[in-house]
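> Okay, so here is run24.cif, and as you'll see once you scroll down, it has mmCIF, C-alpha atoms and all ligand atoms.
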data_my_file
#
loop_
_atom_site.label_atom_id
_atom_site.label_comp_id
_atom_site.auth_asym_id
_atom_site.auth_seq_id
_atom_site.Cartn_x
_atom_site.Cartn_y
_atom_site.Cartn_z
CA MET A 716 -27.70 -21.37 84.38
CA LYS A 717 -27.06 -25.11 84.12
CA ASN A 718 -27.65 -26.49 80.62
CA LYS A 719 -30.46 -29.04 81.02
CA ARG A 720 -29.37 -30.77 77.80
CA SER A 721 -26.38 -32.09 79.66
CA GLU A 722 -28.76 -33.83 82.11
CA THR A 723 -30.44 -37.13 81.35
CA VAL A 724 -33.50 -38.13 83.31
CA LEU A 725 -35.40 -41.43 83.35
CA VAL A 726 -39.19 -41.54 83.29
CA THR A 727 -40.74 -44.88 84.26
CA GLY A 728 -44.26 -45.41 82.93
CA ALA A 729 -43.41 -43.00 80.12
CA ALA A 730 -46.12 -44.32 77.78
CA GLY A 731 -48.85 -43.86 80.39
CA PHE A 732 -51.15 -40.91 80.96
CA ILE A 733 -49.05 -38.81 83.34
CA GLY A 734 -45.66 -40.23 82.29
CA SER A 735 -46.16 -39.22 78.64
CA HIS A 736 -47.12 -35.63 79.53
CA LEU A 737 -44.15 -35.50 81.91
CA THR A 738 -41.86 -36.76 79.14
CA ASP A 739 -43.08 -34.08 76.72
CA THR A 740 -42.62 -31.37 79.36
CA LEU A 741 -39.11 -32.48 80.34
CA LEU A 742 -38.07 -32.60 76.67
CA LYS A 743 -39.44 -29.06 76.19
CA GLN A 744 -37.36 -27.97 79.17
CA GLY A 745 -34.22 -29.25 77.46
CA PHE A 746 -33.61 -32.52 79.33
CA SER A 747 -32.58 -35.68 77.55
CA VAL A 748 -35.17 -38.28 78.51
CA ILE A 749 -35.07 -42.06 78.61
CA GLY A 750 -38.59 -43.47 78.87
CA ILE A 751 -39.37 -47.02 79.91
CA ASP A 752 -42.71 -48.80 79.88
CA ASN A 753 -43.96 -52.35 79.35
CA LEU A 754 -46.96 -50.98 77.38
CA SER A 755 -49.37 -53.00 79.55
CA ARG A 756 -51.59 -49.95 80.06
CA GLY A 757 -49.76 -47.18 78.24
CA THR A 758 -49.36 -46.86 74.49
CA ARG A 759 -46.68 -45.72 72.06
CA SER A 760 -49.15 -43.26 70.54
CA HIS A 761 -48.96 -41.21 73.75
CA LEU A 762 -45.31 -40.69 72.90
CA CYS A 763 -45.85 -39.74 69.25
CA GLU A 764 -44.21 -36.33 69.74
CA ALA A 765 -41.42 -37.59 71.99
CA LEU A 766 -40.51 -40.45 69.65
CA ILE A 767 -39.40 -38.01 66.95
CA HIS A 768 -37.44 -35.85 69.43
CA PRO A 769 -33.66 -36.27 69.12
CA CYS A 770 -33.22 -36.22 72.91
CA PHE A 771 -35.70 -39.03 73.64
CA LYS A 772 -35.06 -42.75 73.82
CA PHE A 773 -37.84 -45.26 74.49
CA ILE A 774 -37.15 -48.70 75.92
CA GLU A 775 -39.98 -51.23 76.11
CA MET A 776 -39.28 -53.26 79.25
CA ASP A 777 -40.86 -54.52 82.43
CA MET A 778 -39.69 -53.15 85.78
CA ALA A 779 -39.69 -56.74 87.09
CA ASP A 780 -36.69 -57.35 84.81
CA VAL A 781 -33.92 -56.18 87.15
CA ALA A 782 -31.16 -57.06 84.68
CA ALA A 783 -32.74 -54.86 81.98
CA LEU A 784 -33.21 -52.04 84.48
CA ARG A 785 -29.58 -52.41 85.55
CA GLN A 786 -28.50 -52.20 81.91
CA VAL A 787 -30.43 -48.93 81.42
CA LEU A 788 -29.00 -47.22 84.49
CA SER A 789 -25.45 -48.49 84.09
CA SER A 790 -25.12 -47.48 80.42
CA THR A 791 -26.09 -43.79 80.81
CA LYS A 792 -25.48 -41.25 83.55
CA VAL A 793 -28.98 -40.51 84.82
CA GLU A 794 -29.41 -37.47 87.08
CA THR A 795 -32.98 -38.01 88.30
CA VAL A 796 -35.58 -40.76 88.00
CA TRP A 797 -39.26 -39.86 87.76
CA HIS A 798 -41.04 -43.03 88.87
CA MET A 799 -44.58 -43.18 87.45
CA VAL A 800 -45.02 -46.93 86.97
CA ALA A 801 -47.81 -48.48 89.03
CA ASN A 802 -50.87 -50.61 88.55
CA SER A 803 -53.54 -48.06 87.67
CA ASP A 804 -56.16 -50.73 86.87
CA ILE A 805 -58.16 -50.84 90.10
CA GLY A 806 -60.34 -53.74 88.94
CA ALA A 807 -57.31 -55.87 88.10
CA GLY A 808 -55.74 -55.12 91.51
CA LEU A 809 -58.97 -56.03 93.30
CA ALA A 810 -59.19 -59.35 91.47
CA ASP A 811 -55.51 -60.14 91.99
CA PRO A 812 -53.58 -58.14 94.63
CA SER A 813 -50.28 -59.56 93.37
CA ILE A 814 -50.59 -57.12 90.44
CA ASP A 815 -50.37 -54.19 92.89
CA LEU A 816 -47.47 -55.91 94.64
CA ARG A 817 -45.56 -56.35 91.37
CA ASP A 818 -46.31 -53.16 89.46
CA THR A 819 -46.78 -50.70 92.34
CA PHE A 820 -44.39 -51.87 95.08
CA LEU A 821 -41.79 -54.13 93.49
CA SER A 822 -41.30 -51.65 90.65
CA THR A 823 -40.19 -49.14 93.31
CA PHE A 824 -38.11 -51.70 95.21
CA ASN A 825 -36.31 -52.87 92.05
CA LEU A 826 -35.73 -49.32 90.94
CA LEU A 827 -34.14 -48.36 94.27
CA LEU A 828 -31.96 -51.47 94.18
CA VAL A 829 -30.58 -50.57 90.77
CA MET A 830 -30.34 -46.81 91.44
CA ARG A 831 -28.17 -47.62 94.44
CA GLU A 832 -25.83 -49.82 92.38
CA ALA A 833 -25.60 -47.21 89.60
CA GLY A 834 -25.15 -44.25 91.97
CA VAL A 835 -28.31 -42.44 90.80
CA LYS A 836 -29.24 -40.24 93.71
CA ASN A 837 -32.40 -38.28 92.91
CA LEU A 838 -35.90 -39.74 92.77
CA ALA A 839 -39.31 -38.14 92.18
CA PHE A 840 -42.24 -40.43 92.94
CA GLY A 841 -45.90 -40.28 91.92
CA SER A 842 -47.81 -41.23 95.06
CA THR A 843 -51.48 -40.91 95.87
CA SER A 844 -54.19 -39.77 98.27
CA ALA A 845 -54.94 -43.50 98.71
CA VAL A 846 -52.06 -43.75 101.23
CA TYR A 847 -54.12 -41.76 103.76
CA GLY A 848 -57.09 -44.12 104.15
CA VAL A 849 -60.30 -42.66 105.57
CA HIS A 850 -60.25 -39.35 107.49
CA SER A 851 -63.02 -36.79 108.01
CA HIS A 852 -60.77 -33.70 107.95
CA ALA A 853 -58.54 -32.11 105.32
CA LEU A 854 -55.63 -34.41 104.52
CA ARG A 855 -52.29 -32.84 105.41
CA GLU A 856 -48.90 -34.35 104.66
CA ASP A 857 -48.55 -35.10 108.40
CA THR A 858 -52.03 -36.65 108.76
CA GLY A 859 -51.92 -40.04 110.43
CA PRO A 860 -52.09 -42.82 111.25
CA LEU A 861 -51.86 -43.93 107.64
CA PHE A 862 -54.11 -46.95 107.21
CA PRO A 863 -54.92 -47.30 103.49
CA ILE A 864 -58.09 -49.24 102.66
CA SER A 865 -56.94 -50.43 99.24
CA ASN A 866 -54.10 -52.73 98.32
CA TYR A 867 -53.03 -50.09 95.79
CA GLY A 868 -52.77 -47.49 98.60
CA ALA A 869 -50.92 -50.00 100.77
CA MET A 870 -48.35 -50.69 98.03
CA LYS A 871 -47.88 -46.93 97.45
CA LEU A 872 -47.37 -46.38 101.19
CA ALA A 873 -44.84 -49.24 101.23
CA SER A 874 -43.09 -47.54 98.30
CA GLU A 875 -42.97 -44.24 100.20
CA ALA A 876 -41.46 -46.10 103.17
CA ALA A 877 -38.81 -47.73 100.96
CA ILE A 878 -37.93 -44.32 99.48
CA SER A 879 -37.64 -42.81 102.97
CA ALA A 880 -35.22 -45.61 103.95
CA ALA A 881 -33.26 -45.05 100.72
CA VAL A 882 -32.81 -41.39 101.62
CA GLU A 883 -31.14 -42.55 104.82
CA SER A 884 -28.86 -44.95 102.95
CA PHE A 885 -27.98 -43.49 99.54
CA LEU A 886 -30.39 -41.01 97.91
CA ASN A 887 -29.41 -37.35 97.96
CA ARG A 888 -32.92 -36.04 97.30
CA ALA A 889 -36.39 -37.55 97.01
CA TRP A 890 -39.75 -36.00 96.21
CA ILE A 891 -42.95 -37.81 97.12
CA PHE A 892 -45.90 -36.20 95.34
CA ARG A 893 -49.31 -37.26 96.60
CA PHE A 894 -51.63 -36.80 93.63
CA PRO A 895 -55.43 -36.51 93.90
CA ASN A 896 -57.52 -37.64 90.88
CA VAL A 897 -55.60 -36.42 87.85
CA ILE A 898 -57.52 -35.78 84.63
CA GLY A 899 -56.81 -34.62 81.09
CA PRO A 900 -55.99 -35.86 77.61
CA ARG A 901 -54.44 -39.35 77.21
CA ALA A 902 -56.13 -40.62 80.39
CA THR A 903 -55.93 -44.41 80.55
CA HIS A 904 -58.42 -44.84 83.42
CA GLY A 905 -60.49 -42.87 85.94
CA ILE A 906 -64.07 -41.64 86.14
CA LEU A 907 -64.09 -39.37 83.06
CA PHE A 908 -62.45 -42.06 80.94
CA ASP A 909 -64.89 -44.74 82.18
CA LEU A 910 -68.08 -42.71 81.83
CA LEU A 911 -67.21 -41.31 78.40
CA ASN A 912 -66.31 -44.80 77.16
CA LYS A 913 -69.60 -46.18 78.45
CA LEU A 914 -71.45 -43.52 76.46
CA LYS A 915 -69.50 -44.40 73.33
CA VAL A 916 -71.08 -47.89 73.35
CA ASN A 917 -74.47 -47.26 74.97
CA THR A 918 -76.51 -44.09 75.26
CA ASP A 919 -79.66 -45.79 76.67
CA TYR A 920 -78.43 -45.09 80.20
CA LEU A 921 -75.18 -44.18 81.96
CA GLU A 922 -74.23 -46.57 84.75
CA VAL A 923 -72.38 -44.78 87.56
CA LEU A 924 -70.69 -46.66 90.42
CA GLY A 925 -71.95 -45.79 93.92
CA ASP A 926 -74.76 -43.37 94.79
CA GLY A 927 -73.22 -40.22 93.31
CA THR A 928 -72.37 -38.60 96.67
CA GLN A 929 -68.67 -39.55 96.55
CA LYS A 930 -66.70 -36.29 96.58
CA LYS A 931 -63.03 -35.90 95.70
CA PRO A 932 -60.59 -33.29 94.38
CA TYR A 933 -59.67 -33.29 90.67
CA LEU A 934 -56.53 -31.77 89.17
CA HIS A 935 -55.76 -31.16 85.52
CA VAL A 936 -52.57 -32.93 84.39
CA SER A 937 -51.08 -29.60 83.20
CA GLU A 938 -51.27 -28.23 86.76
CA LEU A 939 -49.86 -31.45 88.21
CA LEU A 940 -46.76 -31.11 86.02
CA GLU A 941 -46.37 -27.44 86.82
CA ALA A 942 -46.59 -28.19 90.55
CA MET A 943 -44.14 -31.12 90.53
CA LEU A 944 -41.52 -29.16 88.61
CA PHE A 945 -42.03 -26.15 90.87
CA VAL A 946 -41.57 -28.24 94.02
CA GLN A 947 -38.53 -29.96 92.59
CA ALA A 948 -36.92 -26.60 91.85
CA HIS A 949 -37.84 -24.87 95.12
CA SER A 950 -37.87 -27.48 97.91
CA SER A 951 -34.78 -27.87 100.03
CA ASP A 952 -35.17 -30.98 102.21
CA ARG A 953 -33.61 -34.29 101.33
CA LEU A 954 -37.00 -36.02 101.64
CA ASN A 955 -39.84 -33.84 100.41
CA CYS A 956 -43.48 -34.89 100.61
CA PHE A 957 -46.22 -32.70 99.10
CA ASN A 958 -49.93 -32.98 98.44
CA ILE A 959 -50.78 -31.55 95.03
CA GLY A 960 -54.38 -30.63 94.41
CA PRO A 961 -56.95 -27.91 93.81
CA GLU A 962 -57.91 -25.48 96.58
CA ASP A 963 -61.53 -26.66 96.84
CA ASP A 964 -62.97 -29.69 98.62
CA GLY A 965 -63.75 -31.55 95.42
CA ALA A 966 -66.55 -32.41 93.05
CA THR A 967 -69.26 -35.04 93.49
CA VAL A 968 -69.66 -38.00 91.22
CA LEU A 969 -73.21 -36.82 90.47
CA ALA A 970 -71.89 -33.43 89.27
CA ILE A 971 -69.32 -35.17 87.08
CA ALA A 972 -71.90 -37.53 85.59
CA LYS A 973 -74.19 -34.57 84.81
CA ALA A 974 -71.34 -32.62 83.18
CA ILE A 975 -70.50 -35.63 81.02
CA ILE A 976 -74.10 -36.16 79.96
CA ARG A 977 -74.41 -32.45 79.09
CA THR A 978 -71.45 -32.66 76.72
CA ALA A 979 -71.65 -36.17 75.35
CA SER A 980 -75.28 -37.34 75.35
CA PRO A 981 -77.80 -34.78 76.67
CA HIS A 982 -80.85 -37.07 77.01
CA THR A 983 -79.22 -40.11 78.58
CA PRO A 984 -80.49 -40.95 82.09
CA ILE A 985 -78.07 -41.81 84.91
CA ARG A 986 -78.34 -45.12 86.77
CA PHE A 987 -76.45 -45.42 90.05
CA THR A 988 -75.31 -48.85 91.24
CA GLY A 989 -75.87 -47.66 94.84
CA GLY A 990 -73.80 -47.67 98.04
CA ASP A 991 -71.62 -44.85 99.35
CA LYS A 992 -68.48 -46.04 97.54
CA GLY A 993 -67.74 -47.06 93.97
CA TRP A 994 -65.76 -50.25 94.73
CA ALA A 995 -64.07 -52.02 97.63
CA GLY A 996 -61.14 -49.80 98.65
CA ASP A 997 -62.65 -46.59 97.27
CA VAL A 998 -62.32 -43.69 99.75
CA PRO A 999 -65.70 -42.05 99.07
CA LYS A 1000 -64.92 -38.56 100.35
CA PHE A 1001 -61.68 -36.73 100.94
CA TYR A 1002 -60.13 -33.35 100.44
CA TYR A 1003 -56.60 -32.01 100.68
CA SER A 1004 -54.88 -29.29 102.59
CA ILE A 1005 -52.44 -27.77 100.09
CA GLU A 1006 -51.05 -25.24 102.57
CA LYS A 1007 -47.57 -26.77 102.35
CA ILE A 1008 -47.20 -26.30 98.60
CA LYS A 1009 -48.80 -22.84 98.80
CA GLN A 1010 -46.23 -21.87 101.45
CA LEU A 1011 -43.53 -22.90 98.99
CA GLY A 1012 -45.05 -20.56 96.40
CA TRP A 1013 -47.24 -22.66 94.06
CA ARG A 1014 -51.02 -22.53 93.87
CA PRO A 1015 -53.44 -24.01 91.35
CA HIS A 1016 -55.50 -21.83 89.00
CA LEU A 1017 -58.27 -24.31 88.26
CA THR A 1018 -60.98 -25.58 90.60
CA SER A 1019 -61.98 -29.23 90.48
CA TYR A 1020 -65.01 -28.21 88.36
CA ASP A 1021 -62.87 -26.13 85.96
CA ALA A 1022 -60.50 -29.07 85.52
CA ILE A 1023 -63.40 -31.48 84.92
CA GLU A 1024 -65.03 -29.25 82.30
CA ARG A 1025 -61.72 -28.77 80.53
CA ALA A 1026 -60.85 -32.47 80.58
CA ILE A 1027 -64.28 -33.55 79.31
CA GLY A 1028 -63.85 -31.18 76.36
CA GLU A 1029 -60.38 -32.57 75.70
CA LEU A 1030 -61.41 -36.20 75.95
CA TRP A 1031 -64.70 -36.12 74.09
CA GLY A 1032 -64.35 -36.65 70.38
CA ARG A 1033 -61.11 -34.73 69.94
CA PRO A 1034 -58.33 -36.51 68.04
CA SER A 1035 -54.93 -36.61 69.71
CA ALA A 1036 -52.29 -34.08 68.68
CA CYS A 1037 -50.57 -36.76 66.58
CA ALA A 1038 -53.78 -37.80 64.84
CA GLU A 1039 -54.46 -34.12 64.11
CA ARG A 1040 -51.04 -33.78 62.49
CA ALA A 1041 -51.60 -36.91 60.40
CA ALA A 1042 -55.13 -35.93 59.26
CA PRO A 1043 -55.51 -34.53 55.74
CA GLN A 1044 -56.01 -30.75 55.68
CA SER A 1045 -59.30 -29.45 54.31
CA SER A 1046 -58.86 -27.36 51.17
CA ASP A 1047 -61.88 -25.06 51.07
N1 LIG B 1101 -54.07 -40.71 87.24
C1 LIG B 1101 -54.37 -40.47 88.51
O1 LIG B 1101 -55.45 -39.95 88.83
C2 LIG B 1101 -53.37 -40.80 89.60
C3 LIG B 1101 -53.72 -40.50 90.93
C4 LIG B 1101 -52.82 -40.79 91.93
C5 LIG B 1101 -51.59 -41.36 91.63
N2 LIG B 1101 -51.29 -41.65 90.35
C6 LIG B 1101 -50.00 -42.29 90.06
O2 LIG B 1101 -49.37 -41.65 88.98
C7 LIG B 1101 -48.58 -42.58 88.24
C8 LIG B 1101 -48.98 -42.51 86.77
O3 LIG B 1101 -50.36 -42.86 86.67
P1 LIG B 1101 -51.16 -42.83 85.32
O4 LIG B 1101 -52.51 -42.34 85.62
O5 LIG B 1101 -50.36 -42.15 84.28
O6 LIG B 1101 -51.28 -44.38 85.01
P2 LIG B 1101 -50.96 -45.17 83.67
O7 LIG B 1101 -51.42 -46.57 83.89
O8 LIG B 1101 -51.49 -44.44 82.50
O9 LIG B 1101 -49.36 -45.15 83.61
C9 LIG B 1101 -48.56 -46.13 84.22
C10 LIG B 1101 -47.66 -46.74 83.15
O10 LIG B 1101 -46.84 -47.74 83.76
C11 LIG B 1101 -46.72 -48.83 82.86
N3 LIG B 1101 -46.41 -50.03 83.67
C12 LIG B 1101 -47.19 -50.63 84.58
N4 LIG B 1101 -46.56 -51.66 85.14
C13 LIG B 1101 -45.32 -51.70 84.57
C14 LIG B 1101 -44.19 -52.52 84.74
N5 LIG B 1101 -44.19 -53.55 85.60
N6 LIG B 1101 -43.08 -52.27 84.01
C15 LIG B 1101 -43.06 -51.23 83.11
N7 LIG B 1101 -44.10 -50.42 82.91
C16 LIG B 1101 -45.23 -50.65 83.63
C17 LIG B 1101 -48.05 -48.92 82.16
O11 LIG B 1101 -47.97 -49.56 80.90
C18 LIG B 1101 -48.44 -47.44 82.04
O12 LIG B 1101 -48.05 -46.91 80.80
C19 LIG B 1101 -48.86 -43.95 88.86
O13 LIG B 1101 -47.82 -44.25 89.75
C20 LIG B 1101 -50.15 -43.74 89.61
O14 LIG B 1101 -50.27 -44.61 90.71
C21 LIG B 1101 -52.15 -41.40 89.31
#
Take the structure in this file and express it as structure tokens.
Ligand SMILES: NC(=O)c1ccc[n+]([C@@H]2O[C@H](COP(=O)([O-])OP(=O)(O)OC[C@H]3O[C@@H](n4cnc5c(N)ncnc54)[C@H](O)[C@@H]3O)[C@@H](O)[C@H]2O)c1


Amino acid sequence: MKNKRSETVLVTGAAGFIGSHLTDTLLKQGFSVIGIDNLSRGTRSHLCEALIHPCFKFIEMDMADVAALRQVLSSTKVETVWHMVANSDIGAGLADPSIDLRDTFLSTFNLLLVMREAGVKNLAFGSTSAVYGVHSHALREDTGPLFPISNYGAMKLASEAAISAAVESFLNRAWIFRFPNVIGPRATHGILFDLLNKLKVNTDYLEVLGDGTQKKPYLHVSELLEAMLFVQAHSSDRLNCFNIGPEDDGATVLAIAKAIIRTASPHTPIRFTGGDKGWAGDVPKFYYSIEKIKQLGWRPHLTSYDAIERAIGELWGRPSACAERAAPQSSD
């Protein structure tokens, strides 16, 4: 078997929610990992375990800095890039779409430019259900036409298109993973993060965006990582595109709000802002077909509800693994 330690991989967005878990997992698998992040939304504390690992190197840099990116890829032989950088702040992207252009699309464009120069030929990309737009049936990888309703989705779809073109011109292999809502420890955004944070500052009422009927699939980050690594190891096409998600048709926002109240603040009433979507560009209801990944041999163990319950427990009041290590031990 090939010794993974001889392989170096690059994780972009390494200090973010998914990128930091991915970094930890790749290190455990024996890869050497270079992580880059501008720390705009991620944090070094997410990398507390990686930063003391001898096979990890962190570089604080912005993907808009092509010269710095060139320096990283020309100084080390990188086998595969895992591209997780994007603008995950929906509010910021709504207020200023150039943030999505820069962080979500141009990060991909710049990366491909430099990968081509450096001869790095394998790319795994974190894409999203937002590329699909609004459909009333299960979303399959060949669902179309693809008309995203958010600028974020549009910039992800443009990134997918640029990767497809790069496969024609220089990439050996590419994996496009279309994530649903991903949840778990170290989340930097998303419904669980938002609602739990609201309850930390105000327990008089819990404001919930929309009317509570929005319904979407939720996947625990541990299953996302398992699925991506499985697909990478078992897929055979040059350009591989897979939905990753639970087998069910999702959980409602009302059910999530109730689960959060149950755990975090049992007597707090819920106040909905109203309307069938949470914000402009929110796809209020969707669900995935995951037949393609099941055919390949991977299936999730958790339902959306299982994943939500687990993630609420992980996010509510539990210190991070690093904080736990640093905390004084009780001596009774
Ligand atoms: N979390 C989800 O539910 C979800 C769903 C679908 C797709 N995705 C995709 O998965 C990937 C990871 O998402 P996440 O939830 O971990 O988000 P995140 O915001 O926690 O991670 C993204 C990281 O990229 C960094 N970053 C942003 N712009 C940068 C730039 N210009 N240069 C360098 N670093 C930059 C941020 O500081 C952050 O640490 C993203 O591409 C996201 O679009 C996430």

> Could you list, as number ranges by chain, every residue within 6 Å of range 803-820 of chain A, counting all atoms listed in the file and ignoring same-chain residues fewer than 6 positions away?

A: 867, 870, 874

> How close does each residue of chain A get to ligand LIG 1101 (chain B), giving the shortest atom pair and distance in Å to one decimal for every residue with an atom at most 8 Å away, counting all atoms listed in the file, sorted by chain and residue number, as CSV?


residue,atom,partner,partner_atom,distance
A:Thr727,CA,B:LIG1101,N7,6.6
A:Gly728,CA,B:LIG1101,O10,3.6
A:Ala729,CA,B:LIG1101,O12,6.1
A:Ala730,CA,B:LIG1101,O12,4.4
A:Gly731,CA,B:LIG1101,O12,3.2
A:Phe732,CA,B:LIG1101,O5,3.6
A:Ile733,CA,B:LIG1101,O5,3.7
A:Gly734,CA,B:LIG1101,O5,5.5
A:Ser735,CA,B:LIG1101,O5,7.6
A:Ile751,CA,B:LIG1101,C15,6.4
A:Asp752,CA,B:LIG1101,N7,3.7
A:Asn753,CA,B:LIG1101,C15,4.0
A:Leu754,CA,B:LIG1101,O11,3.9
A:Ser755,CA,B:LIG1101,O11,4.0
A:Arg756,CA,B:LIG1101,O11,3.7
A:Gly757,CA,B:LIG1101,O12,3.1
A:Thr758,CA,B:LIG1101,O12,6.4
A:Glu775,CA,B:LIG1101,C15,7.6
A:Met776,CA,B:LIG1101,C15,5.8
A:Asp777,CA,B:LIG1101,N6,3.5
A:Met778,CA,B:LIG1101,N6,3.9
A:Ala779,CA,B:LIG1101,N5,5.7
A:His798,CA,B:LIG1101,O13,6.9
A:Met799,CA,B:LIG1101,O13,4.1
A:Val800,CA,B:LIG1101,O10,3.8
A:Ala801,CA,B:LIG1101,O13,4.3
A:Asn802,CA,B:LIG1101,C12,5.4
A:Ser803,CA,B:LIG1101,O7,4.6
A:Asp804,CA,B:LIG1101,O7,7.0
A:Arg817,CA,B:LIG1101,N5,6.6
A:Asp818,CA,B:LIG1101,N5,4.4
A:Thr819,CA,B:LIG1101,O13,7.0
A:Ser822,CA,B:LIG1101,N5,6.1
A:Phe840,CA,B:LIG1101,O13,7.5
A:Gly841,CA,B:LIG1101,O2,4.7
A:Ser842,CA,B:LIG1101,C5,5.1
A:Thr843,CA,B:LIG1101,C4,4.2
A:Ser844,CA,B:LIG1101,C4,6.6
A:Ala845,CA,B:LIG1101,C4,7.6
A:Tyr867,CA,B:LIG1101,O14,8.0
A:Lys871,CA,B:LIG1101,O14,7.5
A:Arg893,CA,B:LIG1101,C4,6.8
A:Phe894,CA,B:LIG1101,C4,4.5
A:Pro895,CA,B:LIG1101,C3,5.3
A:Asn896,CA,B:LIG1101,O1,3.7
A:Val897,CA,B:LIG1101,O1,3.7
A:Ile898,CA,B:LIG1101,O1,6.3
A:Arg901,CA,B:LIG1101,O8,7.9
A:Ala902,CA,B:LIG1101,O8,6.4
A:Thr903,CA,B:LIG1101,O8,4.8
A:His904,CA,B:LIG1101,O4,6.8
A:Gly905,CA,B:LIG1101,O1,6.5

> Taking (-59.3, -41.1, 105.4) as a centre in this file's frame and 12 Å as the limit, can you find every polymer residue with an atom that close, using all atoms listed in the file, and give them as a VMD selection string?

chain A and resid 844 to 855 858 to 865 868 931 996 to 1003

> Would you write out those residues with C-alpha atoms, as a short mmCIF file (atom, residue, chain, number, x, y, z; two decimals), in the coordinates of the input?


data_model
loop_
_atom_site.label_atom_id
_atom_site.label_comp_id
_atom_site.auth_asym_id
_atom_site.auth_seq_id
_atom_site.Cartn_x
_atom_site.Cartn_y
_atom_site.Cartn_z
CA SER A 844 -54.19 -39.77 98.27
CA ALA A 845 -54.94 -43.50 98.71
CA VAL A 846 -52.06 -43.75 101.23
CA TYR A 847 -54.12 -41.76 103.76
CA GLY A 848 -57.09 -44.12 104.15
CA VAL A 849 -60.30 -42.66 105.57
CA HIS A 850 -60.25 -39.35 107.49
CA SER A 851 -63.02 -36.79 108.01
CA HIS A 852 -60.77 -33.70 107.95
CA ALA A 853 -58.54 -32.11 105.32
CA LEU A 854 -55.63 -34.41 104.52
CA ARG A 855 -52.29 -32.84 105.41
CA THR A 858 -52.03 -36.65 108.76
CA GLY A 859 -51.92 -40.04 110.43
CA PRO A 860 -52.09 -42.82 111.25
CA LEU A 861 -51.86 -43.93 107.64
CA PHE A 862 -54.11 -46.95 107.21
CA PRO A 863 -54.92 -47.30 103.49
CA ILE A 864 -58.09 -49.24 102.66
CA SER A 865 -56.94 -50.43 99.24
CA GLY A 868 -52.77 -47.49 98.60
CA LYS A 931 -63.03 -35.90 95.70
CA GLY A 996 -61.14 -49.80 98.65
CA ASP A 997 -62.65 -46.59 97.27
CA VAL A 998 -62.32 -43.69 99.75
CA PRO A 999 -65.70 -42.05 99.07
CA LYS A 1000 -64.92 -38.56 100.35
CA PHE A 1001 -61.68 -36.73 100.94
CA TYR A 1002 -60.13 -33.35 100.44
CA TYR A 1003 -56.60 -32.01 100.68
#

> What is the distance between CA of Leu784 in chain A and CA of Ile878 in chain A, in Å to one decimal?

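The value is 17.5 Å.
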
> Within 7 Å of Cys956 in chain A, counting all atoms listed in the file, which residues show up once you throw out same-chain ones fewer than 2 positions away? Write them as a list in words, please.

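Surrounding residues, per the criterion: Glu856, Trp890, Ile891, Phe892 and Leu954 of chain A.
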
> What does the file look like for those residues with C-alpha atoms, as a CSV table (one decimal), keeping the file's coordinate frame?


chain,number,residue,atom,x,y,z
A,856,GLU,CA,-48.9,-34.4,104.7
A,890,TRP,CA,-39.8,-36.0,96.2
A,891,ILE,CA,-43.0,-37.8,97.1
A,892,PHE,CA,-45.9,-36.2,95.3
A,954,LEU,CA,-37.0,-36.0,101.6

> Nearest to Val946 in chain A among A:Ser980, A:Glu883, A:Leu1011, A:Val968, with distances taken over all atoms listed in the file: which residue is it?

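Closest residue, counting all atoms listed in the file: A:Leu1011.
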
> May I ask for the distance between CA of Ala833 in chain A and CA of Leu872 in chain A, given in Å to one decimal place?

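The value is 24.7 Å.
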
> Would you work out the distance separating CA of Ala869 in chain A from CA of Thr823 in chain A, expressed in Å to one decimal?

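Between CA of Ala869 in chain A and CA of Thr823 in chain A the gap works out to 13.1 Å.
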
> My list of candidates is A:Met943, A:Val916, A:Leu886, A:Leu821. Which is closest to Leu741 in chain A when distances are computed with all atoms listed in the file?

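Among the listed residues, the smallest separation from Leu741 in chain A belongs to A:Met943.
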
> Find the residues around Asp919 in chain A up to 12 Å (all atoms listed in the file counted), leave out those fewer than 5 positions away in its own chain, and share them as a PyMOL selection string.

chain A and resi 913-914+976+980-986

> Using only C-alpha atoms, collect all residues at a distance of at most 10 Å from (-61.9, -27.3, 94.7) as written in the file, then present them as a list in words.

Lys931, Pro932, Tyr933, Leu934, Gly960, Pro961, Glu962, Asp963, Asp964, Gly965, Ala966, Tyr1002, Tyr1003, Pro1015, Leu1017, Thr1018, Ser1019, Tyr1020, Asp1021 and Ala1022 of chain A

> Smallest atom-to-atom distance to Ala979 in chain A: which of A:Glu1006, A:Glu1024, A:Asp926, A:Glu875, using only C-alpha atoms?

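Among the listed residues, A:Glu1024 lies closest to Ala979 in chain A.
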
> Listed atoms of range 887-898 of chain A, axis-aligned box, 4 Å per side: centre and edge lengths to one decimal in Å, as JSON?


{"center_x": -43.5, "center_y": -36.8, "center_z": 91.3, "size_x": 36.1, "size_y": 10.0, "size_z": 21.3}

> Which residue gives the smallest distance to Leu1030 in chain A among A:Gly834, A:Gly993, A:Gly925, A:Pro900, with only C-alpha atoms counted?

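That would be A:Pro900, the residue with the smallest distance to Leu1030 in chain A.
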
> Which residue out of A:Thr918, A:Ser760, A:Thr967, A:Ser951 has the minimum interatomic distance to Lys992 in chain A when all atoms listed in the file are used?

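Of the candidates, the smallest distance to Lys992 in chain A is held by A:Thr967.
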